[in-house]
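Trainee: Have a look at the structure that comes next, please.
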Amino acid sequence: MTPRVIFLILLLLFSSAEAFSFTSPVVGVIDGDTIDILHNGKAQRIRLYGIDCPEKGQPFGKVAKWATSALVFGRTVTVQGHGKDKYKRLVADVLLADGTNVNQKLVKDGWCWWYQKYAPDDVVLETLEQEARGVKRGLWVDPRPVAPWQWRKRSKVMS
């Protein structure tokens, strides 16, 4: 192998370091779309990929956190990394032992939005949100729900 080929292989390995799976117990639920896991003996914050749940203080924020807690708290999950966000949290899909994708389940049950800005090509999340909206499941019972990114923007303006 030439040095260039070795370099390219190493570059590929290191650039996709976050795109691997591992199994860890969930030790905390921060809000509907953010959890803490115990990985390699340390707590690691995970931001659920492709979804945005209502914020604390926002209508349905507590319910979204409760829904996430009911699914994952104290359980061992498989984490499939997509990279890190600007806060250095691992952004990931989280799977239960039975294969249930937690990110998708939360959208299907109507506890969050498909975060199109960060997962624009995720047709599964898009379809699940459309279905939840259509049957007014979860937060979609609200006739005018405010998306979390709009809520955060309004909160900044008011501060």
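By convention here, the chains of the structure tokens are called A, B, ... in the order presented, each chain's residues are numbered starting at 1, and ligands are numbered starting at 1 in the order presented.
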Which residues, written as a VMD selection string, have at least one atom at most 12 Å from Ser155 (chain A), with only C-alpha atoms counted and residues fewer than 3 positions away on the same chain left out?
Mentor: chain A and resid 55 to 58 148 to 152 158 to 159
Trainee: Please write the residues from the selection above to a file, keeping N, CA and C atoms, as an mmCIF file, in the first residue's frame.
Mentor:
```cif
data_model
loop_
_atom_site.group_PDB
_atom_site.id
_atom_site.type_symbol
_atom_site.label_atom_id
_atom_site.label_comp_id
_atom_site.auth_asym_id
_atom_site.auth_seq_id
_atom_site.Cartn_x
_atom_site.Cartn_y
_atom_site.Cartn_z
ATOM 1 N N GLU A 55 -39.697 22.406 24.466
ATOM 2 C CA GLU A 55 -38.777 22.808 25.524
ATOM 3 C C GLU A 55 -39.463 22.742 26.890
ATOM 4 N N LYS A 56 -38.631 22.703 27.937
ATOM 5 C CA LYS A 56 -39.165 22.823 29.293
ATOM 6 C C LYS A 56 -39.872 24.171 29.370
ATOM 7 N N GLY A 57 -41.036 24.207 29.954
ATOM 8 C CA GLY A 57 -41.795 25.449 30.034
ATOM 9 C C GLY A 57 -42.708 25.669 28.840
ATOM 10 N N GLN A 58 -42.503 24.921 27.798
ATOM 11 C CA GLN A 58 -43.347 25.000 26.609
ATOM 12 C C GLN A 58 -44.459 23.969 26.753
ATOM 13 N N PRO A 148 -40.445 23.977 18.597
ATOM 14 C CA PRO A 148 -39.431 24.364 19.588
ATOM 15 C C PRO A 148 -38.433 25.403 19.086
ATOM 16 N N TRP A 149 -38.034 25.329 17.811
ATOM 17 C CA TRP A 149 -37.073 26.302 17.282
ATOM 18 C C TRP A 149 -37.690 27.698 17.240
ATOM 19 N N GLN A 150 -39.020 27.781 17.031
ATOM 20 C CA GLN A 150 -39.699 29.076 17.086
ATOM 21 C C GLN A 150 -39.823 29.550 18.535
ATOM 22 N N TRP A 151 -40.112 28.614 19.448
ATOM 23 C CA TRP A 151 -40.214 28.920 20.875
ATOM 24 C C TRP A 151 -38.883 29.478 21.403
ATOM 25 N N ARG A 152 -37.782 28.821 21.026
ATOM 26 C CA ARG A 152 -36.466 29.277 21.473
ATOM 27 C C ARG A 152 -36.157 30.676 20.928
ATOM 28 N N MET A 158 -37.414 37.824 23.945
ATOM 29 C CA MET A 158 -38.010 38.319 25.184
ATOM 30 C C MET A 158 -36.993 38.512 26.299
ATOM 31 N N SER A 159 -35.824 37.854 26.201
ATOM 32 C CA SER A 159 -34.825 37.957 27.283
ATOM 33 C C SER A 159 -34.018 39.232 27.194
#
```
Trainee: Residues at most 6 Å from Gln80 (chain A), counting only C-alpha atoms, excluding those fewer than 5 positions away in the same chain, as a JSON list (two decimals) with N, CA, C and O atoms, in the first residue's frame?
Mentor:
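Now in part-v9.json:
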```json
[["chain", "number", "residue", "atom", "x", "y", "z"],
["A", 20, "PHE", "N", -20.59, 5.04, 14.49],
["A", 20, "PHE", "CA", -20.52, 3.66, 14.93],
["A", 20, "PHE", "C", -21.59, 3.42, 15.98],
["A", 20, "PHE", "O", -22.19, 4.35, 16.48],
["A", 21, "SER", "N", -21.82, 2.17, 16.27],
["A", 21, "SER", "CA", -22.84, 1.81, 17.26],
["A", 21, "SER", "C", -22.17, 1.26, 18.51],
["A", 21, "SER", "O", -21.13, 0.62, 18.43],
["A", 92, "ALA", "N", -27.51, 11.14, 17.76],
["A", 92, "ALA", "CA", -27.62, 9.71, 17.47],
["A", 92, "ALA", "C", -29.06, 9.24, 17.39],
["A", 92, "ALA", "O", -29.97, 9.84, 17.96],
["A", 93, "ASP", "N", -29.21, 8.13, 16.69],
["A", 93, "ASP", "CA", -30.43, 7.34, 16.80],
["A", 93, "ASP", "C", -30.24, 6.47, 18.02],
["A", 93, "ASP", "O", -29.13, 5.98, 18.28]]
```
Trainee: List the spatial neighbours of Asp52 (chain A) as a PDB file with C-alpha atoms, in the first residue's frame - criterion: any atom at most 9 Å away, only C-alpha atoms, same-chain residues fewer than 4 positions off excluded.
Mentor:
```pdb
ATOM      1  CA  GLY A  32     -37.596  14.890  25.379  1.00  0.00           C
ATOM      2  CA  ASP A  33     -34.732  14.820  22.893  1.00  0.00           C
ATOM      3  CA  LEU A  48     -31.605  12.401  19.549  1.00  0.00           C
ATOM      4  CA  TRP A 111     -44.298  14.161  21.230  1.00  0.00           C
ATOM      5  CA  CYS A 112     -41.938  15.998  18.901  1.00  0.00           C
ATOM      6  CA  TRP A 113     -41.331  17.455  15.495  1.00  0.00           C
ATOM      7  CA  TRP A 114     -39.266  16.018  12.700  1.00  0.00           C
ATOM      8  CA  TYR A 115     -36.283  18.397  12.765  1.00  0.00           C
ATOM      9  CA  ALA A 147     -42.293  24.415  17.047  1.00  0.00           C
ATOM     10  CA  PRO A 148     -39.431  24.364  19.588  1.00  0.00           C
ATOM     11  CA  TRP A 149     -37.073  26.302  17.282  1.00  0.00           C
TER      12      TRP A 149
END
```
Trainee: Which residues are close to Gln44 (chain A), i.e. within 9 Å by only C-alpha atoms, leaving aside same-chain residues fewer than 6 positions away? Reply as JSON, numbers by chain.
Mentor: {"A": [35, 36, 37, 38, 89, 90]}
Trainee: Just write the chosen residues, C-alpha atoms, as a PDB file, in the first residue's frame.
Mentor:
```pdb
ATOM      1  CA  ILE A  35     -30.474  11.828  27.315  1.00  0.00           C
ATOM      2  CA  ASP A  36     -27.394  10.832  29.284  1.00  0.00           C
ATOM      3  CA  ILE A  37     -25.833   7.406  28.922  1.00  0.00           C
ATOM      4  CA  LEU A  38     -23.004   5.736  30.803  1.00  0.00           C
ATOM      5  CA  ARG A  89     -23.141  16.262  22.219  1.00  0.00           C
ATOM      6  CA  LEU A  90     -23.229  13.042  20.239  1.00  0.00           C
TER       7      LEU A  90
END
```
Trainee: Would you list the contacts of Gln116 (chain A) as a PDB file with N, CA and C atoms, in the first residue's frame, taking every protein, DNA or RNA residue within 7 Å and counting only C-alpha atoms, but skipping same-chain residues closer than 3 positions in sequence?
Mentor:
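The new file selection_33.pdb reads:
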```pdb
ATOM      1  N   GLY A  50     -32.553  14.063  14.450  1.00  0.00           N
ATOM      2  CA  GLY A  50     -33.678  14.299  13.550  1.00  0.00           C
ATOM      3  C   GLY A  50     -34.980  14.700  14.201  1.00  0.00           C
ATOM      4  N   ALA A 119     -32.236  16.967   9.584  1.00  0.00           N
ATOM      5  CA  ALA A 119     -32.448  15.646   8.972  1.00  0.00           C
ATOM      6  C   ALA A 119     -33.365  15.802   7.759  1.00  0.00           C
ATOM      7  N   PRO A 120     -32.936  16.607   6.787  1.00  0.00           N
ATOM      8  CA  PRO A 120     -33.830  16.954   5.672  1.00  0.00           C
ATOM      9  C   PRO A 120     -34.259  15.787   4.792  1.00  0.00           C
TER      10      PRO A 120
END
```
Trainee: What is the distance between CA of Lys117 (chain A) and CA of Val72 (chain A), in Å to one decimal?
Mentor: 25.2 Å
Trainee: Which residues are close to region 95-110 of chain A, i.e. within 7 Å by only C-alpha atoms, leaving aside same-chain residues fewer than 5 positions away? Reply as a VMD selection string.
Mentor: chain A and resid 48 to 49 51 77 to 79 125 128 to 129 132 137 to 140
Trainee: Figure out the distance between CA of Phe22 (chain A) and CA of Ala67 (chain A), please, to one decimal in Å.
Mentor: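 Separating CA of Ala67 (chain A) from CA of Phe22 (chain A) is a distance of 22.9 Å.
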Trainee: Suppose you want the space between CA of Arg154 (chain A) and CA of Arg45 (chain A); what is it in Å?
Mentor: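 Distance reported for this atom pair: 25.7 Å.
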Trainee: Mind the document's chain letters and residue numbers, and return as a PyMOL selection string the residues of chain A that DSSP labels strand (DSSP E or B).
Mentor: chain A and resi 21-31+34-39+42-48+51-52+76-84+90-95+101+113-114
Trainee: Only N, CA and C atoms, please: the residues just picked out, written as a short mmCIF file (atom, residue, chain, number, x, y, z; two decimals), in the first residue's frame.
Mentor:
```cif
data_model
loop_
_atom_site.label_atom_id
_atom_site.label_comp_id
_atom_site.auth_asym_id
_atom_site.auth_seq_id
_atom_site.Cartn_x
_atom_site.Cartn_y
_atom_site.Cartn_z
N SER A 21 -21.82 2.17 16.27
CA SER A 21 -22.84 1.81 17.26
C SER A 21 -22.17 1.26 18.51
N PHE A 22 -22.81 1.52 19.63
CA PHE A 22 -22.39 0.92 20.89
C PHE A 22 -23.61 0.81 21.79
N THR A 23 -23.49 0.00 22.80
CA THR A 23 -24.59 -0.24 23.72
C THR A 23 -24.22 0.31 25.09
N SER A 24 -25.15 1.03 25.70
CA SER A 24 -24.91 1.64 27.01
C SER A 24 -26.23 1.82 27.75
N PRO A 25 -26.14 1.87 29.09
CA PRO A 25 -27.36 2.16 29.87
C PRO A 25 -27.67 3.65 29.89
N VAL A 26 -28.96 3.96 29.92
CA VAL A 26 -29.40 5.35 30.03
C VAL A 26 -29.48 5.69 31.51
N VAL A 27 -28.76 6.75 31.90
CA VAL A 27 -28.70 7.14 33.31
C VAL A 27 -29.42 8.46 33.59
N GLY A 28 -29.86 9.13 32.54
CA GLY A 28 -30.59 10.38 32.76
C GLY A 28 -31.35 10.80 31.52
N VAL A 29 -32.44 11.53 31.76
CA VAL A 29 -33.21 12.12 30.67
C VAL A 29 -33.29 13.61 30.95
N ILE A 30 -32.69 14.40 30.11
CA ILE A 30 -32.61 15.85 30.30
C ILE A 30 -33.91 16.51 29.84
N ASP A 31 -34.35 16.13 28.68
CA ASP A 31 -35.64 16.58 28.14
C ASP A 31 -36.06 15.57 27.08
N THR A 34 -33.02 14.75 24.63
CA THR A 34 -31.65 14.70 25.13
C THR A 34 -31.56 13.76 26.33
N ILE A 35 -30.64 12.81 26.23
CA ILE A 35 -30.47 11.83 27.32
C ILE A 35 -29.01 11.74 27.70
N ASP A 36 -28.76 11.15 28.86
CA ASP A 36 -27.39 10.83 29.28
C ASP A 36 -27.26 9.32 29.36
N ILE A 37 -26.15 8.83 28.84
CA ILE A 37 -25.83 7.41 28.92
C ILE A 37 -24.53 7.25 29.69
N LEU A 38 -24.28 6.05 30.17
CA LEU A 38 -23.00 5.74 30.80
C LEU A 38 -22.17 4.98 29.78
N HIS A 39 -21.11 5.62 29.30
CA HIS A 39 -20.28 5.04 28.25
C HIS A 39 -18.82 5.11 28.67
N LYS A 42 -18.15 6.91 31.95
CA LYS A 42 -18.47 8.33 32.11
C LYS A 42 -19.83 8.63 31.50
N ALA A 43 -20.52 9.61 32.09
CA ALA A 43 -21.78 10.06 31.50
C ALA A 43 -21.49 10.76 30.18
N GLN A 44 -22.30 10.46 29.19
CA GLN A 44 -22.17 11.11 27.89
C GLN A 44 -23.55 11.58 27.46
N ARG A 45 -23.62 12.82 27.04
CA ARG A 45 -24.89 13.41 26.61
C ARG A 45 -25.15 13.04 25.16
N ILE A 46 -26.39 12.63 24.90
CA ILE A 46 -26.83 12.24 23.56
C ILE A 46 -28.00 13.12 23.15
N ARG A 47 -27.91 13.70 21.96
CA ARG A 47 -29.01 14.48 21.38
C ARG A 47 -29.64 13.58 20.33
N LEU A 48 -30.93 13.31 20.48
CA LEU A 48 -31.61 12.40 19.55
C LEU A 48 -31.66 13.02 18.15
N ILE A 51 -34.98 14.95 15.51
CA ILE A 51 -36.22 15.32 16.19
C ILE A 51 -35.98 16.54 17.07
N ASP A 52 -37.07 17.24 17.36
CA ASP A 52 -37.01 18.38 18.28
C ASP A 52 -38.27 18.36 19.12
N THR A 76 -30.82 -0.41 28.82
CA THR A 76 -29.64 -0.42 27.97
C THR A 76 -30.11 -0.22 26.54
N VAL A 77 -29.49 0.73 25.85
CA VAL A 77 -29.88 1.07 24.50
C VAL A 77 -28.68 0.95 23.57
N THR A 78 -28.98 0.86 22.28
CA THR A 78 -27.94 0.92 21.27
C THR A 78 -27.94 2.33 20.70
N VAL A 79 -26.76 2.93 20.67
CA VAL A 79 -26.59 4.29 20.19
C VAL A 79 -25.90 4.23 18.84
N GLN A 80 -26.53 4.83 17.83
CA GLN A 80 -25.96 4.88 16.48
C GLN A 80 -25.62 6.33 16.16
N GLY A 81 -24.34 6.68 16.30
CA GLY A 81 -23.91 8.06 16.16
C GLY A 81 -23.98 8.60 14.76
N HIS A 82 -24.31 9.90 14.69
CA HIS A 82 -24.32 10.64 13.42
C HIS A 82 -23.31 11.78 13.42
N GLY A 83 -22.58 11.96 14.51
CA GLY A 83 -21.65 13.08 14.63
C GLY A 83 -21.95 13.87 15.89
N LYS A 84 -21.35 15.04 15.99
CA LYS A 84 -21.56 15.89 17.16
C LYS A 84 -22.20 17.19 16.76
N LEU A 90 -23.10 14.02 21.31
CA LEU A 90 -23.23 13.04 20.24
C LEU A 90 -24.68 13.06 19.76
N VAL A 91 -24.86 13.24 18.47
CA VAL A 91 -26.19 13.21 17.86
C VAL A 91 -26.39 11.79 17.34
N ALA A 92 -27.51 11.14 17.76
CA ALA A 92 -27.62 9.71 17.47
C ALA A 92 -29.06 9.24 17.39
N ASP A 93 -29.21 8.13 16.69
CA ASP A 93 -30.43 7.34 16.80
C ASP A 93 -30.24 6.47 18.02
N VAL A 94 -31.30 6.26 18.77
CA VAL A 94 -31.26 5.40 19.96
C VAL A 94 -32.26 4.28 19.75
N LEU A 95 -31.77 3.04 19.92
CA LEU A 95 -32.60 1.87 19.69
C LEU A 95 -32.77 1.08 20.99
N ASN A 101 -36.83 2.13 17.30
CA ASN A 101 -36.08 3.37 17.16
C ASN A 101 -36.80 4.43 18.00
N TRP A 113 -41.37 17.13 16.91
CA TRP A 113 -41.33 17.46 15.50
C TRP A 113 -40.20 16.71 14.82
N TRP A 114 -40.37 16.43 13.55
CA TRP A 114 -39.27 16.02 12.70
C TRP A 114 -38.43 17.29 12.51
#
```
Trainee: Give me, as a short mmCIF file (atom, residue, chain, number, x, y, z; two decimals) with N, CA, C and O atoms, in the first residue's frame, the residues of chain A that a backbone DSSP run labels helix (DSSP H, G or I).
Mentor:
```
data_model
loop_
_atom_site.label_atom_id
_atom_site.label_comp_id
_atom_site.auth_asym_id
_atom_site.auth_seq_id
_atom_site.Cartn_x
_atom_site.Cartn_y
_atom_site.Cartn_z
N PRO A 3 1.70 5.25 0.73
CA PRO A 3 1.40 6.16 1.85
C PRO A 3 0.09 6.91 1.64
O PRO A 3 -0.65 7.16 2.58
N ARG A 4 -0.21 7.25 0.39
CA ARG A 4 -1.45 7.96 0.11
C ARG A 4 -2.67 7.10 0.43
O ARG A 4 -3.64 7.58 1.02
N VAL A 5 -2.65 5.83 0.07
CA VAL A 5 -3.76 4.92 0.35
C VAL A 5 -3.92 4.75 1.86
O VAL A 5 -5.03 4.80 2.39
N ILE A 6 -2.81 4.60 2.56
CA ILE A 6 -2.86 4.46 4.02
C ILE A 6 -3.46 5.72 4.64
O ILE A 6 -4.32 5.66 5.51
N PHE A 7 -3.03 6.88 4.14
CA PHE A 7 -3.56 8.15 4.65
C PHE A 7 -5.08 8.23 4.43
O PHE A 7 -5.82 8.62 5.32
N LEU A 8 -5.53 7.85 3.24
CA LEU A 8 -6.96 7.91 2.93
C LEU A 8 -7.76 6.95 3.81
O LEU A 8 -8.85 7.29 4.27
N ILE A 9 -7.23 5.78 4.07
CA ILE A 9 -7.90 4.83 4.95
C ILE A 9 -7.99 5.39 6.36
O ILE A 9 -9.06 5.35 6.99
N LEU A 10 -6.89 5.93 6.85
CA LEU A 10 -6.91 6.53 8.19
C LEU A 10 -7.87 7.70 8.27
O LEU A 10 -8.60 7.86 9.24
N LEU A 11 -7.88 8.53 7.24
CA LEU A 11 -8.79 9.66 7.19
C LEU A 11 -10.24 9.19 7.25
O LEU A 11 -11.06 9.74 8.00
N LEU A 12 -10.55 8.18 6.48
CA LEU A 12 -11.90 7.63 6.48
C LEU A 12 -12.27 7.07 7.85
O LEU A 12 -13.35 7.34 8.36
N LEU A 13 -11.37 6.35 8.46
CA LEU A 13 -11.64 5.78 9.79
C LEU A 13 -11.88 6.86 10.83
O LEU A 13 -12.81 6.79 11.61
N PHE A 14 -11.05 7.88 10.84
CA PHE A 14 -11.17 8.93 11.86
C PHE A 14 -12.32 9.88 11.57
O PHE A 14 -12.94 10.40 12.48
N SER A 15 -12.64 10.12 10.31
CA SER A 15 -13.73 11.04 10.00
C SER A 15 -15.08 10.40 10.29
O SER A 15 -16.06 11.10 10.51
N GLY A 61 -43.83 20.09 26.92
CA GLY A 61 -42.42 19.85 27.23
C GLY A 61 -42.24 18.79 28.30
O GLY A 61 -41.41 17.88 28.17
N LYS A 62 -43.02 18.87 29.37
CA LYS A 62 -42.91 17.88 30.45
C LYS A 62 -43.39 16.51 29.99
O LYS A 62 -42.82 15.50 30.35
N VAL A 63 -44.43 16.50 29.17
CA VAL A 63 -44.96 15.23 28.68
C VAL A 63 -43.96 14.56 27.74
O VAL A 63 -43.77 13.34 27.79
N ALA A 64 -43.29 15.36 26.91
CA ALA A 64 -42.28 14.80 26.00
C ALA A 64 -41.13 14.19 26.81
O ALA A 64 -40.65 13.09 26.49
N LYS A 65 -40.71 14.88 27.87
CA LYS A 65 -39.65 14.34 28.72
C LYS A 65 -40.11 13.04 29.38
O LYS A 65 -39.38 12.06 29.43
N TRP A 66 -41.35 13.03 29.86
CA TRP A 66 -41.90 11.83 30.49
C TRP A 66 -41.95 10.67 29.48
O TRP A 66 -41.60 9.54 29.82
N ALA A 67 -42.37 10.97 28.25
CA ALA A 67 -42.47 9.92 27.22
C ALA A 67 -41.09 9.32 26.93
O ALA A 67 -40.94 8.09 26.82
N THR A 68 -40.08 10.17 26.84
CA THR A 68 -38.72 9.68 26.61
C THR A 68 -38.24 8.86 27.80
O THR A 68 -37.68 7.77 27.63
N SER A 69 -38.50 9.36 29.01
CA SER A 69 -38.10 8.63 30.23
C SER A 69 -38.74 7.25 30.27
O SER A 69 -38.08 6.26 30.60
N ALA A 70 -40.04 7.19 29.96
CA ALA A 70 -40.75 5.91 29.99
C ALA A 70 -40.15 4.90 29.01
O ALA A 70 -40.13 3.70 29.28
N LEU A 71 -39.63 5.40 27.91
CA LEU A 71 -39.04 4.51 26.90
C LEU A 71 -37.64 4.04 27.27
O LEU A 71 -37.29 2.88 27.03
N VAL A 72 -36.80 4.95 27.83
CA VAL A 72 -35.37 4.62 27.90
C VAL A 72 -34.74 4.61 29.29
O VAL A 72 -33.70 3.97 29.47
N VAL A 102 -36.17 4.86 19.08
CA VAL A 102 -36.79 5.81 20.02
C VAL A 102 -37.11 7.13 19.33
O VAL A 102 -38.18 7.71 19.55
N ASN A 103 -36.21 7.62 18.49
CA ASN A 103 -36.42 8.87 17.78
C ASN A 103 -37.74 8.79 16.98
O ASN A 103 -38.58 9.69 17.05
N GLN A 104 -37.89 7.71 16.23
CA GLN A 104 -39.09 7.53 15.41
C GLN A 104 -40.34 7.35 16.27
O GLN A 104 -41.40 7.87 15.95
N LYS A 105 -40.22 6.62 17.36
CA LYS A 105 -41.37 6.37 18.25
C LYS A 105 -41.88 7.68 18.84
O LYS A 105 -43.11 7.89 18.93
N LEU A 106 -40.99 8.57 19.23
CA LEU A 106 -41.42 9.85 19.79
C LEU A 106 -42.17 10.69 18.76
O LEU A 106 -43.16 11.35 19.09
N VAL A 107 -41.72 10.67 17.51
CA VAL A 107 -42.42 11.39 16.45
C VAL A 107 -43.77 10.72 16.18
O VAL A 107 -44.81 11.38 16.09
N LYS A 108 -43.77 9.40 16.08
CA LYS A 108 -45.00 8.65 15.80
C LYS A 108 -46.06 8.89 16.87
O LYS A 108 -47.25 9.04 16.56
N VAL A 123 -37.22 10.63 5.33
CA VAL A 123 -38.62 10.50 4.95
C VAL A 123 -39.43 9.71 5.98
O VAL A 123 -40.64 9.88 6.08
N VAL A 124 -38.76 8.85 6.75
CA VAL A 124 -39.47 8.10 7.79
C VAL A 124 -39.99 9.07 8.85
O VAL A 124 -41.18 9.05 9.21
N LEU A 125 -39.13 9.95 9.35
CA LEU A 125 -39.56 10.92 10.36
C LEU A 125 -40.61 11.87 9.79
O LEU A 125 -41.58 12.20 10.46
N GLU A 126 -40.42 12.29 8.55
CA GLU A 126 -41.39 13.17 7.89
C GLU A 126 -42.77 12.50 7.84
O GLU A 126 -43.79 13.10 8.20
N THR A 127 -42.81 11.25 7.41
CA THR A 127 -44.07 10.52 7.30
C THR A 127 -44.72 10.30 8.66
O THR A 127 -45.93 10.48 8.82
N LEU A 128 -43.91 9.95 9.65
CA LEU A 128 -44.46 9.72 11.00
C LEU A 128 -45.05 11.00 11.57
O LEU A 128 -46.11 10.97 12.22
N GLU A 129 -44.40 12.14 11.33
CA GLU A 129 -44.97 13.41 11.81
C GLU A 129 -46.28 13.72 11.10
O GLU A 129 -47.25 14.11 11.74
N GLN A 130 -46.32 13.52 9.80
CA GLN A 130 -47.56 13.78 9.05
C GLN A 130 -48.71 12.92 9.56
O GLN A 130 -49.83 13.40 9.72
N GLU A 131 -48.40 11.65 9.86
CA GLU A 131 -49.43 10.75 10.39
C GLU A 131 -49.91 11.21 11.77
O GLU A 131 -51.12 11.23 12.04
N ALA A 132 -48.99 11.57 12.65
CA ALA A 132 -49.36 12.03 14.00
C ALA A 132 -50.19 13.31 13.92
O ALA A 132 -51.19 13.45 14.63
N ARG A 133 -49.78 14.22 13.05
CA ARG A 133 -50.56 15.46 12.86
C ARG A 133 -51.97 15.14 12.37
O ARG A 133 -52.94 15.72 12.84
N GLY A 134 -52.03 14.23 11.40
CA GLY A 134 -53.32 13.89 10.78
C GLY A 134 -54.34 13.34 11.75
O GLY A 134 -55.54 13.62 11.63
N GLY A 138 -50.82 13.16 20.44
CA GLY A 138 -49.83 13.85 21.26
C GLY A 138 -50.01 15.35 21.22
O GLY A 138 -51.13 15.85 21.38
N LEU A 139 -48.93 16.07 21.00
CA LEU A 139 -48.99 17.53 21.00
C LEU A 139 -49.83 18.09 19.86
O LEU A 139 -50.23 19.26 19.88
N TRP A 140 -50.14 17.26 18.89
CA TRP A 140 -50.91 17.72 17.73
C TRP A 140 -52.38 17.93 18.04
O TRP A 140 -53.13 18.38 17.18
N VAL A 141 -52.80 17.65 19.28
CA VAL A 141 -54.17 18.02 19.69
C VAL A 141 -54.29 19.53 19.80
O VAL A 141 -55.38 20.08 19.70
N PRO A 148 -40.44 23.98 18.60
CA PRO A 148 -39.43 24.36 19.59
C PRO A 148 -38.43 25.40 19.09
O PRO A 148 -38.01 26.28 19.84
N TRP A 149 -38.03 25.33 17.81
CA TRP A 149 -37.07 26.30 17.28
C TRP A 149 -37.69 27.70 17.24
O TRP A 149 -36.99 28.68 17.46
N GLN A 150 -39.02 27.78 17.03
CA GLN A 150 -39.70 29.08 17.09
C GLN A 150 -39.82 29.55 18.54
O GLN A 150 -39.64 30.72 18.83
N TRP A 151 -40.11 28.61 19.45
CA TRP A 151 -40.21 28.92 20.88
C TRP A 151 -38.88 29.48 21.40
O TRP A 151 -38.85 30.48 22.11
N ARG A 152 -37.78 28.82 21.03
CA ARG A 152 -36.47 29.28 21.47
C ARG A 152 -36.16 30.68 20.93
O ARG A 152 -35.61 31.53 21.63
N LYS A 153 -36.53 30.90 19.67
CA LYS A 153 -36.28 32.21 19.04
C LYS A 153 -37.08 33.30 19.76
O LYS A 153 -36.55 34.36 20.07
N ARG A 154 -38.35 33.01 20.08
CA ARG A 154 -39.18 33.97 20.81
C ARG A 154 -38.63 34.23 22.20
O ARG A 154 -38.64 35.35 22.68
N SER A 155 -38.15 33.16 22.86
CA SER A 155 -37.61 33.30 24.20
C SER A 155 -36.37 34.18 24.21
O SER A 155 -36.16 34.95 25.15
N LYS A 156 -35.52 34.07 23.19
CA LYS A 156 -34.33 34.92 23.08
C LYS A 156 -34.71 36.38 22.93
O LYS A 156 -34.11 37.26 23.54
N VAL A 157 -35.72 36.63 22.11
CA VAL A 157 -36.17 38.01 21.86
C VAL A 157 -36.71 38.63 23.15
O VAL A 157 -36.45 39.79 23.45
N MET A 158 -37.41 37.82 23.94
CA MET A 158 -38.01 38.32 25.18
C MET A 158 -36.99 38.51 26.30
O MET A 158 -37.25 39.22 27.26
#
```
